[in-house]
Amino acid sequence: MVDKCDILVAGTGTFGERIIFDIAVTADKPVKVAIGGRNRARMEWLCLAANSRAAIFGRPATFSTLPIEWGSAETIAEAVAASEPGVVVQAASVQSPSVIHTTDSAWGQLVKNGGLSVTAVFQTLLSERAARAMRLAGNQGAFINCCYPDVVNGILAAKKVPITCGVGNVAILANMFEGDLGIRQAGSLKVLAHYQCLGPWRLRATERSGTLARVWIDEEEISDLYERFAHLKLTPEPVIDISGCTAVPIIYALLGHYDLLGHAPAPAGLPGGYPIAIKDRVMDLNLPAGLNRDDAIAWNRAFEEQSGIVVESDGQVVYCGTMRSEFAKLSPALAEGFHVDDLETVYGEMVELRSKLGG
């Protein structure tokens with residue numbers, strides 16, 4: 001019999017590992033965590049290590065394994081129905097995160113030139129199946145998508161499957177700035193940022209340019225972001241040691257352990273990332289004074305309109321700007337975009353393109 005759990009972390013890669021291990025050493029209240037995937041040896045190791053870490057730090061978190069067959073929403077739903085999680089954290093993807101810094105193939109070059117939204121179909125596939133599985137299982141818990149949420153969550157919302165938010169991205173910047181300034185008071189710093197705002201922070205200070213994130217400290221917007229934080233630099237690789245960690249307070253808040261002021265990408269499928277508040281397990285935007293919801297959404301959406309993916313109200317996924325032109329050089333048909341209902345078909349076509357390009 002499968003144990004019931006509070007949290008299901010679906011995916012046993014490095015992102016899921018970071019979340020699991022951070023829960024093990026931070027839990028203040030009893031939580032049962034299921035580690036879900038199809039690599040049994042990997043699941044068993046993560047389970048052993050996480051339970052050991054919880055024991056080392058005397059934390060009331062316990063971990064178990066839960067086999068998941070990713071082939072369809074129906075097979076995933078079996079695992080969700082059996083474990084009845086209060087929060088599902090979906091961290092499994094058919095696209096390696098290394099693509100953001102590996103350009104030794106034509107596929108890597110396409111992602112570099114067109115932007116990470118080139119990979120959106122690959123990032124969406126398993127998240128859509130997992131979210132649909134929650135609906136099939138009748139699960140009313142929260143659903144957190146860790147796979148490029150700034151864009152993917154909009155596709156999920158258009159598919160009308162459950163989506164609470166993502167993690168990382170805007171929260172990487174917010175916590176980076178808070179950490180440097182010594183700010184420990186939740187809510188005093190607020191950041192509006194799209195995933196694309198991370199790019200300049202992977203460069204040396206003298207090389208940074210482009211649209212900045214917007215940052216407020218005690219409700220006052222600052223204008224010297226690059227100068228004030230010139231000494232900070234993100235690693236070129238995925239910054240999982242920060243982004244994975246940002247999931248943990250959100251998970252606890254969605255379980256009802258406490259209320260939270262923080263940051264999250266794509267709450268309820270909105271484009272880009274926002275300051276958020278979770279009260280009584282319900283998430284809402286927590287925008288700075290003077291910034292209304294429509295303007296915040298439009299500001300984030302503009303990044304994808306310039307180069308990336310826009311999801312229209314009718315469910316049509318439109319490729320825009322540089323991304324569209326880069327796609328068109330390789331596949332004019334794919335460059336036309338697709339309807340969200342055709343995701344599985346388009347995935348097959350994208351696999352063929354990626355294989356052809358050596359990705």
# chains A, B, ... in the order shown; residues from 1 in each chain; ligands from 1
$ residues_around --residues "Ala158 in chain A" --least-positions-apart "5" --cutoff "12 Å" --atoms "only C-alpha atoms" --output "list in words"
Glu128, Val151, Val152, Asn153, Ile163, Ala268, Gly269, Leu270, Val310, Val311, Glu312, Ser313, Asp314, Gly315, Gln316, Val317, His339, Val340, Asp341, Asp342 and Leu343 of chain A
$ write_last_selection --atoms "C-alpha atoms" --output "short mmCIF file (atom, residue, chain, number, x, y, z; two decimals), in the first residue's frame"
data_model
loop_
_atom_site.label_atom_id
_atom_site.label_comp_id
_atom_site.auth_asym_id
_atom_site.auth_seq_id
_atom_site.Cartn_x
_atom_site.Cartn_y
_atom_site.Cartn_z
CA GLU A 128 0.80 19.18 -18.36
CA VAL A 151 6.06 30.55 -19.97
CA VAL A 152 4.91 26.98 -19.33
CA ASN A 153 2.35 27.98 -16.70
CA ILE A 163 -1.69 25.52 -11.71
CA ALA A 268 -2.13 31.13 -11.74
CA GLY A 269 -0.42 31.05 -15.14
CA LEU A 270 0.46 34.74 -15.46
CA VAL A 310 2.67 34.38 -26.14
CA VAL A 311 -0.41 32.33 -25.29
CA GLU A 312 -3.53 33.96 -26.69
CA SER A 313 -6.92 33.82 -25.00
CA ASP A 314 -8.14 31.21 -27.51
CA GLY A 315 -5.31 28.82 -26.58
CA GLN A 316 -3.13 29.56 -29.60
CA VAL A 317 0.60 29.57 -28.84
CA HIS A 339 -2.88 25.30 -30.25
CA VAL A 340 -2.48 24.06 -26.68
CA ASP A 341 -4.75 21.11 -27.45
CA ASP A 342 -2.14 19.89 -29.96
CA LEU A 343 0.70 19.79 -27.42
#
$ residues_around --residues "Gln196 in chain A" --least-positions-apart "2" --cutoff "9 Å" --atoms "only C-alpha atoms" --output "PDB file with C-alpha atoms, in the first residue's frame"
ATOM      1  CA  GLY A 115      15.873  32.082 -26.116  1.00  0.00           C
ATOM      2  CA  LEU A 116      14.825  29.426 -23.619  1.00  0.00           C
ATOM      3  CA  ASN A 169      13.465  32.880 -11.503  1.00  0.00           C
ATOM      4  CA  ALA A 193      11.002  40.172 -13.154  1.00  0.00           C
ATOM      5  CA  HIS A 194      10.706  37.835 -16.099  1.00  0.00           C
ATOM      6  CA  LEU A 198      18.330  36.696 -15.159  1.00  0.00           C
ATOM      7  CA  GLY A 199      20.592  36.702 -18.210  1.00  0.00           C
ATOM      8  CA  PRO A 200      22.558  39.906 -17.496  1.00  0.00           C
ATOM      9  CA  THR A 211      15.777  45.503 -19.612  1.00  0.00           C
ATOM     10  CA  GLY A 272       6.765  36.298 -15.732  1.00  0.00           C
ATOM     11  CA  PHE A 303       9.530  40.096 -22.842  1.00  0.00           C
ATOM     12  CA  GLU A 304       7.917  37.204 -24.698  1.00  0.00           C
TER      13      GLU A 304
END
$ atom_distance --atom1 "CA of Leu260 in chain A" --atom2 "CA of Arg184 in chain A"
13.0 Å
$ residues_around --residues "Arg18 in chain A" --least-positions-apart "4" --cutoff "10 Å" --atoms "only C-alpha atoms" --output "PyMOL selection string"
chain A and resi 12-14+22-24+240-248
$ write_last_selection --atoms "C-alpha atoms" --output "short mmCIF file (atom, residue, chain, number, x, y, z; two decimals), in the first residue's frame"
data_model
loop_
_atom_site.label_atom_id
_atom_site.label_comp_id
_atom_site.auth_asym_id
_atom_site.auth_seq_id
_atom_site.Cartn_x
_atom_site.Cartn_y
_atom_site.Cartn_z
CA THR A 12 14.45 12.90 -9.19
CA GLY A 13 16.90 15.18 -10.99
CA THR A 14 19.01 17.88 -9.41
CA ASP A 22 16.10 21.39 1.88
CA ILE A 23 12.80 20.11 3.27
CA ALA A 24 14.77 17.51 5.21
CA ILE A 240 19.54 25.39 -8.51
CA ASP A 241 21.13 26.04 -5.12
CA ILE A 242 18.97 29.17 -4.94
CA SER A 243 16.02 28.40 -7.21
CA GLY A 244 15.27 24.96 -5.76
CA CYS A 245 15.45 26.35 -2.25
CA THR A 246 12.88 29.05 -3.05
CA ALA A 247 10.25 26.33 -3.43
CA VAL A 248 10.40 25.26 0.20
#
$ residues_around --residues "range 326-335 of chain A" --least-positions-apart "6" --cutoff "8 Å" --atoms "only C-alpha atoms" --output "VMD selection string"
chain A and resid 110 113 to 114 319
$ residues_around --residues "range 276-288 of chain A" --least-positions-apart "6" --cutoff "7 Å" --atoms "only C-alpha atoms" --output "number ranges by chain"
A: 190, 219, 253-256, 259-264
$ select_by_dssp --residues "range 25-216 of chain A" --states "strand (DSSP E)" --output "PyMOL selection string"
chain A and resi 31-37+61-67+87-90+142-145+165-166+189-192+214-216
$ closest_residue --among "A:Ile7, A:Ala50, A:Ile250, A:Ala91" --to "Gly141 in chain A" --atoms "only C-alpha atoms"
A:Ile7
$ residues_around --residues "Ala130 in chain A" --least-positions-apart "5" --cutoff "8 Å" --atoms "only C-alpha atoms" --output "list in words"
Ala73, Ile76, Ala77 and Gln90 of chain A
$ select_by_dssp --residues "range 55-215 of chain A" --states "helix (DSSP H, G or I)" --output "ChimeraX atom specification"
/A:55-57,73-83,97-100,106-114,116-137,149-158,170-181,195-202,205-207
$ closest_residue --among "A:Ala137, A:Leu181, A:Val121, A:Val215" --to "Met350 in chain A" --atoms "only C-alpha atoms"
A:Val121
$ closest_residue --among "A:Gly37, A:Ser188, A:Pro265, A:Leu234" --to "Ala205 in chain A" --atoms "only C-alpha atoms"
A:Leu234
